[in-house]
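Chemist: So that you have it, the file is protein-v3.txt, and it contains compact mmCIF, C-alpha atoms and all ligand atoms:
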```
# COMPACT_ATOMS: atom_id res chain seq x y z
CA MET U 18 -16.97 26.26 71.83
CA MET U 19 -18.68 22.91 71.63
CA THR U 20 -17.78 19.36 72.52
CA GLN U 21 -17.08 16.93 69.70
CA GLU U 22 -20.32 15.12 70.59
CA GLU U 23 -22.37 18.31 70.22
CA ASN U 24 -20.70 19.20 66.95
CA THR U 25 -21.38 15.72 65.60
CA LEU U 26 -25.00 15.88 66.75
CA LEU U 27 -25.66 19.13 64.86
CA THR U 28 -23.74 18.42 61.66
CA ARG U 29 -24.48 14.80 60.70
CA THR U 30 -27.42 14.52 58.37
CA GLY U 31 -27.68 10.93 57.09
CA ARG U 32 -30.71 8.74 57.74
CA GLY U 33 -30.72 7.54 61.33
CA THR U 34 -28.48 10.31 62.65
CA PRO U 35 -30.21 12.59 65.17
CA GLY U 36 -29.54 15.72 63.11
CA GLY U 37 -30.63 13.99 59.90
CA GLU U 38 -33.86 12.83 61.51
CA LEU U 39 -34.62 16.40 62.54
CA LEU U 40 -34.04 17.78 59.03
CA ARG U 41 -36.36 15.09 57.67
CA ARG U 42 -39.28 16.46 59.71
CA TYR U 43 -39.55 19.52 57.47
CA TRP U 44 -40.16 20.13 53.77
CA GLN U 45 -36.83 20.60 52.00
CA PRO U 46 -35.86 21.93 48.56
CA VAL U 47 -34.62 19.12 46.30
CA ALA U 48 -34.20 20.87 42.92
CA LEU U 49 -35.08 23.97 40.97
CA SER U 50 -38.10 23.65 38.69
CA GLU U 51 -35.94 24.84 35.78
CA GLU U 52 -33.79 21.71 36.16
CA LEU U 53 -36.75 19.51 35.40
CA PRO U 54 -38.59 20.83 32.33
CA SER U 55 -41.53 18.78 31.13
CA GLY U 56 -40.35 16.10 28.77
CA GLY U 57 -36.82 16.54 30.14
CA ALA U 58 -34.41 13.94 31.49
CA PRO U 59 -34.74 12.61 35.03
CA LEU U 60 -32.18 13.92 37.51
CA ASN U 61 -30.06 11.86 39.80
CA VAL U 62 -30.06 13.82 43.03
CA LYS U 63 -28.43 13.34 46.39
CA ILE U 64 -30.01 14.87 49.43
CA LEU U 65 -29.27 14.16 53.09
CA GLY U 66 -26.94 11.40 51.94
CA GLU U 67 -29.66 9.56 49.98
CA ASP U 68 -29.30 8.81 46.27
CA LEU U 69 -32.58 9.44 44.51
CA VAL U 70 -34.08 10.03 41.08
CA LEU U 71 -36.27 13.04 40.45
CA PHE U 72 -38.46 12.93 37.37
CA ARG U 73 -41.51 14.62 35.91
CA ASP U 74 -44.09 12.19 34.67
CA ASP U 75 -46.14 12.64 31.51
CA LYS U 76 -48.83 14.43 33.55
CA GLY U 77 -46.26 17.00 34.75
CA ARG U 78 -46.08 15.66 38.32
CA ALA U 79 -42.69 15.57 40.04
CA GLY U 80 -41.70 12.23 41.58
CA LEU U 81 -38.77 11.48 43.85
CA LEU U 82 -37.83 7.80 44.12
CA GLY U 83 -35.00 5.67 45.42
CA ILE U 84 -32.47 5.52 42.63
CA HIS U 85 -31.98 1.74 42.64
CA CYS U 86 -34.72 -0.29 40.98
CA SER U 87 -36.59 -2.55 43.38
CA HIS U 88 -35.99 -5.50 41.06
CA ARG U 89 -32.21 -5.83 40.93
CA GLY U 90 -30.95 -2.39 41.63
CA THR U 91 -30.30 -0.67 38.31
CA ASP U 92 -30.06 3.13 38.31
CA LEU U 93 -33.52 4.51 37.51
CA SER U 94 -32.24 7.95 36.51
CA TYR U 95 -31.30 6.44 33.13
CA GLY U 96 -34.85 5.18 32.75
CA ARG U 97 -37.56 5.98 30.23
CA VAL U 98 -40.22 8.47 31.30
CA GLU U 99 -43.46 7.15 29.84
CA ASP U 100 -46.84 5.57 30.53
CA GLY U 101 -47.48 7.48 33.77
CA GLY U 102 -44.14 6.81 35.42
CA ILE U 103 -40.46 6.01 35.03
CA ARG U 104 -39.41 2.70 33.51
CA CYS U 105 -36.21 0.86 34.39
CA LEU U 106 -34.01 0.12 31.37
CA TYR U 107 -33.03 -3.35 32.56
CA HIS U 108 -36.39 -5.23 32.49
CA GLY U 109 -38.92 -2.47 32.01
CA TRP U 110 -40.48 -2.23 35.48
CA LEU U 111 -42.60 0.92 35.60
CA TYR U 112 -42.96 3.08 38.75
CA ASP U 113 -45.31 5.98 39.36
CA VAL U 114 -44.55 9.08 41.48
CA GLU U 115 -45.88 7.30 44.56
CA GLY U 116 -43.54 4.34 44.17
CA ARG U 117 -46.20 1.89 42.96
CA CYS U 118 -44.93 -0.68 40.49
CA LEU U 119 -47.42 -0.39 37.62
CA GLU U 120 -45.90 -2.96 35.29
CA GLN U 121 -43.45 -5.84 35.27
CA PRO U 122 -43.69 -6.53 31.56
CA GLY U 123 -41.22 -9.42 31.48
CA GLU U 124 -43.38 -11.40 33.90
CA PRO U 125 -46.40 -13.52 32.99
CA GLY U 126 -49.55 -11.38 33.24
CA GLY U 127 -47.46 -8.24 33.68
CA GLY U 128 -46.30 -9.41 37.12
CA GLU U 129 -48.98 -10.86 39.35
CA HIS U 130 -47.22 -9.76 42.52
CA ARG U 131 -46.25 -6.28 41.37
CA ASP U 132 -48.64 -4.67 43.88
CA ALA U 133 -46.47 -6.02 46.67
CA ILE U 134 -43.68 -3.75 45.53
CA ARG U 135 -43.57 -0.38 47.26
CA HIS U 136 -40.59 1.45 45.96
CA LEU U 137 -39.10 4.23 48.12
CA ALA U 138 -40.95 7.45 47.17
CA TYR U 139 -41.03 10.87 48.79
CA PRO U 140 -43.87 13.33 48.22
CA CYS U 141 -43.07 16.47 46.23
CA LYS U 142 -44.55 19.92 46.10
CA GLU U 143 -43.58 22.59 43.62
CA THR U 144 -43.78 26.30 44.32
CA GLY U 145 -41.72 29.47 43.89
CA GLY U 146 -39.62 27.81 41.17
CA VAL U 147 -38.48 25.04 43.52
CA ILE U 148 -39.40 21.39 43.99
CA PHE U 149 -39.66 20.52 47.67
CA THR U 150 -39.87 17.11 49.29
CA TYR U 151 -40.72 15.59 52.63
CA MET U 152 -38.45 12.70 53.65
CA GLY U 153 -39.69 12.10 57.17
CA PRO U 154 -42.03 9.58 58.78
CA GLY U 155 -45.81 9.73 58.76
CA ALA U 156 -48.01 12.34 57.14
CA PRO U 157 -46.09 15.38 55.92
CA PRO U 158 -46.70 18.58 57.85
CA LEU U 159 -48.40 21.49 56.15
CA PHE U 160 -46.23 23.19 53.60
CA PRO U 161 -45.02 26.40 55.27
CA ASN U 162 -46.89 29.40 53.98
CA TYR U 163 -43.95 31.76 53.66
CA GLU U 164 -44.80 34.95 51.85
CA PHE U 165 -41.75 34.76 49.57
CA LEU U 166 -42.73 31.34 48.18
CA ASN U 167 -46.09 32.69 47.07
CA ALA U 168 -44.57 35.52 45.05
CA SER U 169 -44.94 35.74 41.28
CA SER U 170 -41.83 35.07 39.23
CA ASP U 171 -41.12 38.75 38.56
CA HIS U 172 -40.92 39.34 42.34
CA LEU U 173 -38.84 36.29 43.23
CA TYR U 174 -35.42 35.21 42.02
CA VAL U 175 -34.21 31.76 42.97
CA ALA U 176 -31.00 29.89 42.32
CA LYS U 177 -28.91 27.24 43.98
CA ILE U 178 -25.20 27.28 44.67
CA PHE U 179 -22.93 24.32 45.27
CA HIS U 180 -20.98 24.50 48.54
CA GLU U 181 -18.16 22.22 49.58
CA CYS U 182 -18.90 22.28 53.29
CA ASN U 183 -21.39 21.20 55.88
CA TYR U 184 -24.75 22.99 55.72
CA LEU U 185 -24.68 24.30 59.29
CA GLN U 186 -21.63 26.54 59.15
CA ALA U 187 -22.95 28.19 55.98
CA ASN U 188 -26.30 28.87 57.61
CA GLU U 189 -24.49 30.28 60.63
CA GLY U 190 -22.99 32.87 58.28
CA ASN U 191 -26.47 34.23 57.58
CA ILE U 192 -27.09 34.98 61.25
CA ASP U 193 -23.76 36.69 61.80
CA PRO U 194 -24.53 40.35 61.07
CA VAL U 195 -21.11 41.67 62.07
CA HIS U 196 -19.40 40.14 59.06
CA LEU U 197 -21.27 42.57 56.77
CA SER U 198 -18.92 45.30 58.03
CA PHE U 199 -15.85 43.29 57.08
CA LEU U 200 -16.16 40.53 54.51
CA HIS U 201 -18.66 42.38 52.31
CA ARG U 202 -17.34 45.92 52.86
CA PHE U 203 -16.75 48.25 49.95
CA LEU U 204 -13.85 50.62 50.35
CA GLU U 205 -15.29 53.13 47.94
CA ASN U 206 -18.52 55.06 48.16
CA ARG U 207 -21.18 52.81 46.69
CA GLN U 208 -24.62 54.26 46.16
CA GLU U 209 -25.77 52.68 42.93
CA GLN U 210 -28.09 49.68 42.54
CA TYR U 211 -29.15 49.59 46.11
CA ARG U 212 -32.12 51.15 47.78
CA GLY U 213 -31.88 48.72 50.62
CA VAL U 214 -32.56 50.79 53.70
CA ARG U 215 -35.86 52.53 54.36
CA GLY U 216 -35.41 56.15 55.37
CA ALA U 217 -31.70 56.24 54.57
CA GLU U 218 -30.00 58.64 52.27
CA GLU U 219 -27.07 56.30 51.89
CA SER U 220 -26.75 52.73 50.71
CA HIS U 221 -26.55 49.80 53.05
CA TYR U 222 -22.96 49.34 51.88
CA ASN U 223 -21.94 52.71 53.25
CA LEU U 224 -23.89 52.33 56.49
CA VAL U 225 -22.33 49.01 57.51
CA ALA U 226 -18.89 50.43 56.85
CA ARG U 227 -19.56 53.43 59.07
CA ASN U 228 -20.34 51.43 62.18
CA ILE U 229 -18.45 48.16 62.39
CA THR U 230 -19.36 47.39 66.01
CA PRO U 231 -23.14 46.98 66.06
CA ILE U 232 -25.32 46.16 69.03
CA LEU U 233 -26.80 42.67 68.76
CA ASP U 234 -29.90 41.43 70.50
CA VAL U 235 -31.66 38.08 70.03
CA GLU U 236 -35.13 36.81 70.82
CA LEU U 237 -36.61 33.34 70.45
CA THR U 238 -39.67 32.90 68.25
CA ASP U 239 -41.87 29.86 67.61
CA PHE U 240 -39.95 29.17 64.37
CA GLY U 241 -36.41 30.11 65.38
CA VAL U 242 -34.46 33.18 66.41
CA ARG U 243 -35.02 36.87 65.70
CA ILE U 244 -31.86 38.96 65.52
CA TYR U 245 -31.81 42.72 65.99
CA THR U 246 -28.69 44.47 64.73
CA VAL U 247 -28.43 48.14 65.56
CA ARG U 248 -25.76 50.43 64.15
CA LYS U 249 -25.80 53.86 65.70
CA LEU U 250 -24.74 56.31 63.04
CA SER U 251 -25.21 59.74 64.58
CA ALA U 252 -26.75 61.42 67.58
CA GLU U 253 -30.13 61.16 65.85
CA LYS U 254 -30.09 58.04 63.71
CA ALA U 255 -29.51 54.32 63.96
CA TYR U 256 -29.69 51.61 61.30
CA LEU U 257 -31.85 48.69 62.39
CA ARG U 258 -31.71 45.29 60.71
CA VAL U 259 -33.94 42.43 61.80
CA SER U 260 -33.09 38.99 60.49
CA TYR U 261 -33.96 35.39 61.36
CA PHE U 262 -32.73 31.89 61.87
CA ILE U 263 -35.59 29.62 60.83
CA LEU U 264 -35.71 25.98 61.86
CA PRO U 265 -34.13 23.82 60.80
CA ASN U 266 -31.79 25.03 57.98
CA LEU U 267 -32.69 28.43 56.60
CA SER U 268 -32.40 32.14 57.33
CA ALA U 269 -34.15 35.34 56.24
CA PHE U 270 -32.40 38.70 56.14
CA PRO U 271 -32.47 42.04 54.36
CA GLY U 272 -30.62 41.41 51.14
CA GLN U 273 -30.49 43.39 47.97
CA THR U 274 -34.18 44.25 48.19
CA GLY U 275 -34.00 45.18 51.88
CA GLY U 276 -36.51 47.92 52.57
CA GLU U 277 -39.14 46.36 50.39
CA GLY U 278 -38.33 42.68 50.50
CA TYR U 279 -35.80 40.23 51.84
CA SER U 280 -33.56 37.31 50.98
CA VAL U 281 -33.66 33.73 52.17
CA ASN U 282 -30.85 31.18 52.14
CA TRP U 283 -31.91 27.57 52.58
CA HIS U 284 -28.98 25.17 53.09
CA VAL U 285 -29.79 21.62 52.06
CA PRO U 286 -27.24 18.91 52.72
CA ILE U 287 -26.11 16.77 49.81
CA ASP U 288 -24.10 14.85 52.37
CA ASP U 289 -22.28 15.97 55.51
CA ASP U 290 -19.46 17.65 53.57
CA HIS U 291 -21.42 19.29 50.72
CA HIS U 292 -24.63 21.19 50.36
CA TRP U 293 -26.82 23.22 48.02
CA LYS U 294 -27.57 26.72 49.13
CA TYR U 295 -30.97 27.67 47.69
CA THR U 296 -30.98 31.42 47.55
CA PHE U 297 -34.16 33.48 47.17
CA ILE U 298 -34.40 37.21 46.55
CA TYR U 299 -37.89 38.51 47.16
CA SER U 300 -39.29 41.92 46.41
CA ALA U 301 -42.70 42.54 47.96
CA GLY U 302 -43.16 45.88 46.22
CA THR U 303 -41.86 46.61 42.76
CA PRO U 304 -40.76 43.77 40.46
CA LEU U 305 -37.15 42.71 40.89
CA ASN U 306 -34.54 44.90 39.35
CA GLU U 307 -32.89 43.28 36.35
CA LYS U 308 -29.47 44.44 37.54
CA ILE U 309 -29.80 42.48 40.77
CA ILE U 310 -30.70 39.31 38.89
CA ASN U 311 -27.92 39.75 36.35
CA ARG U 312 -25.33 40.25 39.05
CA GLU U 313 -26.46 37.13 40.86
CA ARG U 314 -26.42 35.09 37.64
CA SER U 315 -22.99 36.39 36.72
CA GLU U 316 -21.55 34.73 39.82
CA LEU U 317 -22.65 31.27 38.69
CA THR U 318 -21.77 28.70 36.04
CA PRO U 319 -24.65 26.93 34.22
CA ASP U 320 -24.30 23.99 36.62
CA TYR U 321 -24.77 26.20 39.68
CA ARG U 322 -21.13 26.41 40.71
CA LEU U 323 -19.45 29.67 41.62
CA VAL U 324 -17.18 31.23 39.00
CA ARG U 325 -14.94 32.24 41.92
CA ASN U 326 -14.09 29.10 43.81
CA GLU U 327 -11.42 27.39 45.84
CA ALA U 328 -9.62 26.03 42.76
CA ASN U 329 -8.94 29.57 41.51
CA ARG U 330 -8.59 31.07 45.01
CA TYR U 331 -11.83 32.97 44.43
CA LEU U 332 -9.90 35.10 41.88
CA GLN U 333 -8.74 37.25 44.74
CA ASP U 334 -7.12 40.45 43.51
CA ARG U 335 -4.81 42.10 46.04
CA GLU U 336 -4.70 45.35 44.10
CA SER U 337 -8.48 45.79 44.46
CA MET U 338 -8.14 45.23 48.23
CA LYS U 339 -6.42 48.62 48.47
CA THR U 340 -9.23 50.73 47.09
CA LYS U 341 -12.28 48.68 46.11
CA THR U 342 -13.32 45.79 48.32
CA TYR U 343 -12.28 44.42 51.69
CA SER U 344 -12.03 40.87 50.33
CA GLY U 345 -10.57 41.44 46.86
CA MET U 346 -13.13 38.89 45.64
CA GLY U 347 -15.35 41.12 43.54
CA VAL U 348 -18.68 42.70 44.32
CA GLY U 349 -20.84 39.54 44.52
CA PHE U 350 -21.55 38.37 48.04
CA GLN U 351 -22.11 34.71 47.19
CA ALA U 352 -18.43 34.07 46.52
CA HIS U 353 -17.43 35.91 49.70
CA ASP U 354 -19.76 33.78 51.78
CA ALA U 355 -18.72 30.55 50.08
CA PHE U 356 -15.09 31.38 50.75
CA VAL U 357 -15.45 32.13 54.47
CA THR U 358 -17.62 29.14 55.23
CA SER U 359 -15.99 26.49 53.02
CA SER U 360 -12.54 27.47 54.28
CA GLN U 361 -13.63 26.65 57.83
CA GLY U 362 -13.15 23.01 56.80
CA ALA U 363 -15.61 20.47 55.37
CA ILE U 364 -17.17 20.32 58.83
CA GLN U 365 -16.00 23.18 61.03
CA ASP U 366 -14.22 21.93 64.13
CA ARG U 367 -16.27 23.77 66.72
CA THR U 368 -14.21 22.33 69.58
CA ASP U 369 -11.52 24.76 68.50
CA GLU U 370 -13.43 28.03 68.10
CA HIS U 371 -13.54 31.07 70.40
CA LEU U 372 -17.00 32.57 70.47
CA VAL U 373 -17.44 36.22 71.41
CA SER U 374 -20.38 38.47 72.28
CA SER U 375 -21.27 39.10 68.64
CA ASP U 376 -21.79 35.37 68.10
CA LYS U 377 -24.86 35.37 70.31
CA ALA U 378 -27.31 34.63 67.50
CA ILE U 379 -25.25 31.62 66.48
CA VAL U 380 -25.23 30.36 70.06
CA ALA U 381 -29.00 30.81 70.30
CA ALA U 382 -29.59 28.99 67.00
CA ARG U 383 -27.41 26.05 68.01
CA LYS U 384 -29.33 25.76 71.27
CA ILE U 385 -32.73 25.56 69.66
CA LEU U 386 -31.42 23.19 67.00
CA GLU U 387 -30.05 20.92 69.70
CA LYS U 388 -33.30 21.14 71.64
CA ALA U 389 -35.29 20.29 68.47
CA ILE U 390 -33.05 17.25 67.86
CA ARG U 391 -33.72 16.10 71.44
CA ASP U 392 -37.44 16.57 70.87
CA VAL U 393 -37.33 14.14 67.94
CA GLN U 394 -35.15 11.70 69.86
CA GLU U 395 -37.63 11.71 72.72
CA GLY U 396 -40.67 11.28 70.50
CA ARG U 397 -41.96 14.86 70.53
CA GLU U 398 -42.78 16.96 67.49
CA PRO U 399 -40.08 19.63 67.09
CA PRO U 400 -41.00 23.33 66.83
CA HIS U 401 -42.10 24.77 63.47
CA VAL U 402 -43.47 21.49 62.14
CA ILE U 403 -46.82 22.93 61.16
CA ARG U 404 -50.01 20.88 61.46
CA GLU U 405 -52.62 23.60 62.03
CA PRO U 406 -53.66 26.03 59.30
CA SER U 407 -54.06 28.73 61.96
CA GLN U 408 -50.35 28.35 62.76
CA ASN U 409 -49.32 28.52 59.15
CA ARG U 410 -48.86 32.28 58.85
CA PHE U 411 -45.81 34.33 59.55
CA PRO U 412 -46.52 38.02 60.04
CA HIS U 413 -43.85 37.86 62.75
CA LEU U 414 -41.24 36.75 60.21
CA LEU U 415 -40.75 40.42 59.59
CA VAL U 416 -37.45 41.40 58.04
CA VAL U 417 -36.46 45.00 58.70
CA SER U 418 -33.84 47.27 57.17
CA ASP U 419 -34.76 50.76 58.40
CA MET U 420 -33.27 53.95 59.70
CA ILE U 421 -34.84 54.69 63.08
CA PRO U 422 -34.45 57.56 65.54
CA ASP U 423 -31.57 56.86 67.87
CA THR U 424 -33.90 57.19 70.87
CA GLN U 425 -36.34 54.60 69.49
CA ASP U 426 -36.57 51.22 71.23
CA TRP U 427 -35.86 48.78 68.38
CA LYS U 428 -38.02 45.99 69.76
CA GLU U 429 -40.95 48.31 70.16
CA TYR U 430 -40.42 49.60 66.64
CA THR U 431 -40.37 46.07 65.22
CA ARG U 432 -43.44 45.00 67.20
CA LYS U 433 -45.35 47.95 65.78
CA LEU U 434 -44.48 46.85 62.24
CA GLU U 435 -45.44 43.33 63.18
CA ALA U 436 -48.85 44.50 64.45
CA GLU U 437 -49.38 46.27 61.12
CA ALA U 438 -48.49 43.08 59.24
CA ARG U 439 -50.93 41.08 61.37
CA ALA U 440 -53.68 43.59 60.73
CA LYS U 441 -53.25 43.04 56.97
CA LEU U 442 -53.78 39.27 57.19
S1 LIG U 501 -33.38 -4.16 37.57
FE1 LIG U 501 -34.92 -2.72 37.06
S2 LIG U 501 -36.38 -3.91 36.00
FE2 LIG U 501 -34.86 -5.33 36.54
FE FE U 502 -22.37 37.18 54.01
```
Turn this file's structure into structure tokens for me.
Modeler:
Amino acid sequence: MMTQEENTLLTRTGRGTPGGELLRRYWQPVALSEELPSGGAPLNVKILGEDLVLFRDDKGRAGLLGIHCSHRGTDLSYGRVEDGGIRCLYHGWLYDVEGRCLEQPGEPGGGEHRDAIRHLAYPCKETGGVIFTYMGPGAPPLFPNYEFLNASSDHLYVAKIFHECNYLQANEGNIDPVHLSFLHRFLENRQEQYRGVRGAEESHYNLVARNITPILDVELTDFGVRIYTVRKLSAEKAYLRVSYFILPNLSAFPGQTGGEGYSVNWHVPIDDDHHWKYTFIYSAGTPLNEKIINRERSELTPDYRLVRNEANRYLQDRESMKTKTYSGMGVGFQAHDAFVTSSQGAIQDRTDEHLVSSDKAIVAARKILEKAIRDVQEGREPPHVIREPSQNRFPHLLVVSDMIPDTQDWKEYTRKLEAEARAKL
């Protein structure tokens, strides 16, 4: 349980709020590359409560500018993309991706004071099919060198999903491993599609249904929280999952490619009551299975909304709850997760919750988030803002989904894998 003050501190994301200032210290996804094809229309985007225009100039560079023209405020997302920038429809002022005003064509001499204009502009970087931006003060930190963002397109699937709730509660769902045994449980034997668990003869689906009371253990890392989830399955075997909360608003966990890859959910506030969940599925080994991609796509409308949503009660089917799925909401996990987190309320009232032992990862994540917010408030750089190239590597962001001997110490096991990953760098 939290106080109202603590809940407000962690969930408010607008400019000037302590939580919003923390989020602005890190690179954040602002759109999918596919939303902004070259020669395409600019996008009006809202992120962290700020209304902005995202456009691709005639050299292919992405620019993110304040949406209201510096002259008299007209919406730039209706503007013309030409001549090295975006041009306001009202009087033709032209802005480049850095917010410089290149032309004021209605003024004598093209505007003698146009250089005095510095329109709001945030730097962009495009990788892994996503356009990222940095909205904080000063020089942007190094772009985090996560392995999944360097993957080729046949090894990385990315999409975004509209959520009608605060970003934090949805990210808390990613670091809550117990819910896999309930919300996402299949009631029938389900072996197909899923390799998922190294060394297992059964699918992940079956394993999480066989032990619904896992052991949880958490450890702090320099970028967030490592979560060990251990499900003992027999006298000889246990199923170990290792997942992560990563500052400030993402998580990594074994998803549909567990065993040879992982998934990442990155929850980016639109405002305090809505967010985009950027979801990445990464396969380090073989190229992604078409079936996985098709299933993910089938959950979404072309405008990145869920087909199953609150308006249609997630198409819950009570008949299927008897024999097929625990939730009655189909086999796609995205709708399940959207349901549980959005139905907590636009901003979950954490003064009214009752945390238990299996919420320990959530408690740990809230603590480091709060500490990071205090760091910013007190003028310190928060953790995981990367300035040194030597710090910009993450062999210890090691997602595990393995069967291990029941007698094996899971931390030792994970550290051994980590040492192997370091040796490969
Ligand atoms: S309001 Fe945009 S050019 Fe005048
Ligand atoms: Fe989930």
Chemist: Between U:Ile364, U:Leu200, U:Ala382, U:Ile244, which one has atoms that come closest to Ile229 of chain U, using all atoms listed in the file?
Modeler: U:Leu200
Chemist: Please report, as a Markdown table, each residue of chain U lying at most 8 Å from ligand LIG 501 (chain U), together with the nearest pair of atoms and the separation in Å rounded to one decimal; use all atoms listed in the file, and order rows by chain and ascending residue number.
Modeler:
```
| residue | atom | partner | partner_atom | distance |
| --- | --- | --- | --- | --- |
| U:His85 | CA | U:LIG501 | FE1 | 7.7 |
| U:Cys86 | CA | U:LIG501 | FE1 | 4.6 |
| U:Ser87 | CA | U:LIG501 | FE1 | 6.5 |
| U:His88 | CA | U:LIG501 | S1 | 4.6 |
| U:Arg89 | CA | U:LIG501 | S1 | 3.9 |
| U:Gly90 | CA | U:LIG501 | S1 | 5.1 |
| U:Thr91 | CA | U:LIG501 | S1 | 4.7 |
| U:Asp92 | CA | U:LIG501 | FE1 | 7.7 |
| U:Leu93 | CA | U:LIG501 | FE1 | 7.4 |
| U:Arg104 | CA | U:LIG501 | S2 | 7.7 |
| U:Cys105 | CA | U:LIG501 | FE1 | 4.6 |
| U:Leu106 | CA | U:LIG501 | FE1 | 6.4 |
| U:Tyr107 | CA | U:LIG501 | FE2 | 4.8 |
| U:His108 | CA | U:LIG501 | S2 | 3.8 |
| U:Gly109 | CA | U:LIG501 | S2 | 4.9 |
| U:Trp110 | CA | U:LIG501 | S2 | 4.5 |
| U:Leu111 | CA | U:LIG501 | S2 | 7.9 |
| U:Gln121 | CA | U:LIG501 | S2 | 7.4 |
```
Chemist: With distances taken over all atoms listed in the file, which of U:Ile192, U:Leu159, U:Val242, U:Leu386 is nearest to ligand FE 502 (chain U)?
Modeler: U:Ile192
Chemist: What do you get as a PDB file with C-alpha atoms, in the frame of the given file if you pick all residues at most 10 Å from ligand FE 502 (chain U), counting all atoms listed in the file?
Modeler:
```pdb
ATOM      1  CA  ALA U 187     -22.950  28.190  55.980  1.00  0.00           C
ATOM      2  CA  ASN U 188     -26.300  28.870  57.610  1.00  0.00           C
ATOM      3  CA  GLU U 189     -24.490  30.280  60.630  1.00  0.00           C
ATOM      4  CA  GLY U 190     -22.990  32.870  58.280  1.00  0.00           C
ATOM      5  CA  ASN U 191     -26.470  34.230  57.580  1.00  0.00           C
ATOM      6  CA  ILE U 192     -27.090  34.980  61.250  1.00  0.00           C
ATOM      7  CA  ASP U 193     -23.760  36.690  61.800  1.00  0.00           C
ATOM      8  CA  PRO U 194     -24.530  40.350  61.070  1.00  0.00           C
ATOM      9  CA  VAL U 195     -21.110  41.670  62.070  1.00  0.00           C
ATOM     10  CA  HIS U 196     -19.400  40.140  59.060  1.00  0.00           C
ATOM     11  CA  LEU U 197     -21.270  42.570  56.770  1.00  0.00           C
ATOM     12  CA  SER U 198     -18.920  45.300  58.030  1.00  0.00           C
ATOM     13  CA  PHE U 199     -15.850  43.290  57.080  1.00  0.00           C
ATOM     14  CA  LEU U 200     -16.160  40.530  54.510  1.00  0.00           C
ATOM     15  CA  HIS U 201     -18.660  42.380  52.310  1.00  0.00           C
ATOM     16  CA  GLY U 272     -30.620  41.410  51.140  1.00  0.00           C
ATOM     17  CA  GLY U 349     -20.840  39.540  44.520  1.00  0.00           C
ATOM     18  CA  PHE U 350     -21.550  38.370  48.040  1.00  0.00           C
ATOM     19  CA  GLN U 351     -22.110  34.710  47.190  1.00  0.00           C
ATOM     20  CA  ALA U 352     -18.430  34.070  46.520  1.00  0.00           C
ATOM     21  CA  HIS U 353     -17.430  35.910  49.700  1.00  0.00           C
ATOM     22  CA  ASP U 354     -19.760  33.780  51.780  1.00  0.00           C
ATOM     23  CA  ALA U 355     -18.720  30.550  50.080  1.00  0.00           C
ATOM     24  CA  PHE U 356     -15.090  31.380  50.750  1.00  0.00           C
ATOM     25  CA  VAL U 357     -15.450  32.130  54.470  1.00  0.00           C
ATOM     26  CA  THR U 358     -17.620  29.140  55.230  1.00  0.00           C
TER      27      THR U 358
END
```
Chemist: Name all residues at most 6 Å from segment 279-291 of chain U (count all atoms listed in the file; drop same-chain ones fewer than 5 positions away) and give them as a PyMOL selection string.
Modeler: chain U and resi 29+63-66+180-184+266-272+274+296-299+363
Chemist: Taking all atoms listed in the file into account, which of U:Met18, U:Thr342, U:Arg391, U:Arg243 comes nearest Arg207 of chain U?
Modeler: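 Nearest to Arg207 of chain U: U:Thr342.
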Chemist: Suppose you want the space between atom CA of Val373 of chain U and atom CA of Asn24 of chain U; what is it in Å?
Modeler: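 Computing it gives 17.9 Å between the two atoms.
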Chemist: Pick from U:Gly276, U:Gly80, U:Gly128, U:Pro46: nearest to Val147 of chain U, with only C-alpha atoms counted?
Modeler: U:Pro46
Chemist: Rounded to one decimal in Å, what is the spacing between atom CA of His172 of chain U and atom CA of Asn306 of chain U?
Modeler: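 Straight-line distance from atom CA of His172 of chain U to atom CA of Asn306 of chain U works out to 9.0 Å.
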Chemist: Quick one: everything within 10 Å of Leu434 of chain U, counting only C-alpha atoms, minus sequence neighbours fewer than 5 positions away in the same chain. Send it as a compact mmCIF listing (two decimals) with C-alpha atoms, in the coordinates of the input.
Modeler:
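And here is the file that came out, out.txt:
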```
# COMPACT_ATOMS: atom_id res chain seq x y z
CA PRO U 412 -46.52 38.02 60.04
CA HIS U 413 -43.85 37.86 62.75
CA LEU U 415 -40.75 40.42 59.59
CA VAL U 416 -37.45 41.40 58.04
CA VAL U 417 -36.46 45.00 58.70
CA LYS U 428 -38.02 45.99 69.76
CA GLU U 429 -40.95 48.31 70.16
CA ARG U 439 -50.93 41.08 61.37
CA ALA U 440 -53.68 43.59 60.73
```
Chemist: Using only C-alpha atoms, which of U:Glu336, U:Pro158, U:His292, U:Leu166 sits nearest Val62 of chain U?
Modeler: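 Closest to Val62 of chain U of all the choices is U:His292.
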Chemist: Which residue out of U:Gly127, U:Pro400, U:Pro406, U:Ala176 has the minimum interatomic distance to Leu317 of chain U when all atoms listed in the file are used?
Modeler: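 Of all the options, U:Ala176 lies closest to Leu317 of chain U.
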Chemist: Could you state the separation of atom CA of Thr424 of chain U and atom CA of Lys249 of chain U in Å, given to one decimal place?
Modeler: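 So the two atoms, atom CA of Thr424 of chain U and atom CA of Lys249 of chain U, lie 10.2 Å apart.
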Chemist: Report as a tab-separated table (two decimals) with C-alpha atoms, keeping the file's coordinate frame all protein, DNA and RNA residues lying within 10 Å of His136 of chain U, evaluated on only C-alpha atoms, omitting residues in the same chain fewer than 4 positions from it.
Modeler:
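As a result, result29.tsv now contains:
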```tsv
chain	number	residue	atom	x	y	z
U	82	LEU	CA	-37.83	7.80	44.12
U	83	GLY	CA	-35.00	5.67	45.42
U	84	ILE	CA	-32.47	5.52	42.63
U	85	HIS	CA	-31.98	1.74	42.64
U	86	CYS	CA	-34.72	-0.29	40.98
U	87	SER	CA	-36.59	-2.55	43.38
U	88	HIS	CA	-35.99	-5.50	41.06
U	112	TYR	CA	-42.96	3.08	38.75
U	113	ASP	CA	-45.31	5.98	39.36
U	114	VAL	CA	-44.55	9.08	41.48
U	115	GLU	CA	-45.88	7.30	44.56
U	116	GLY	CA	-43.54	4.34	44.17
U	117	ARG	CA	-46.20	1.89	42.96
U	118	CYS	CA	-44.93	-0.68	40.49
```
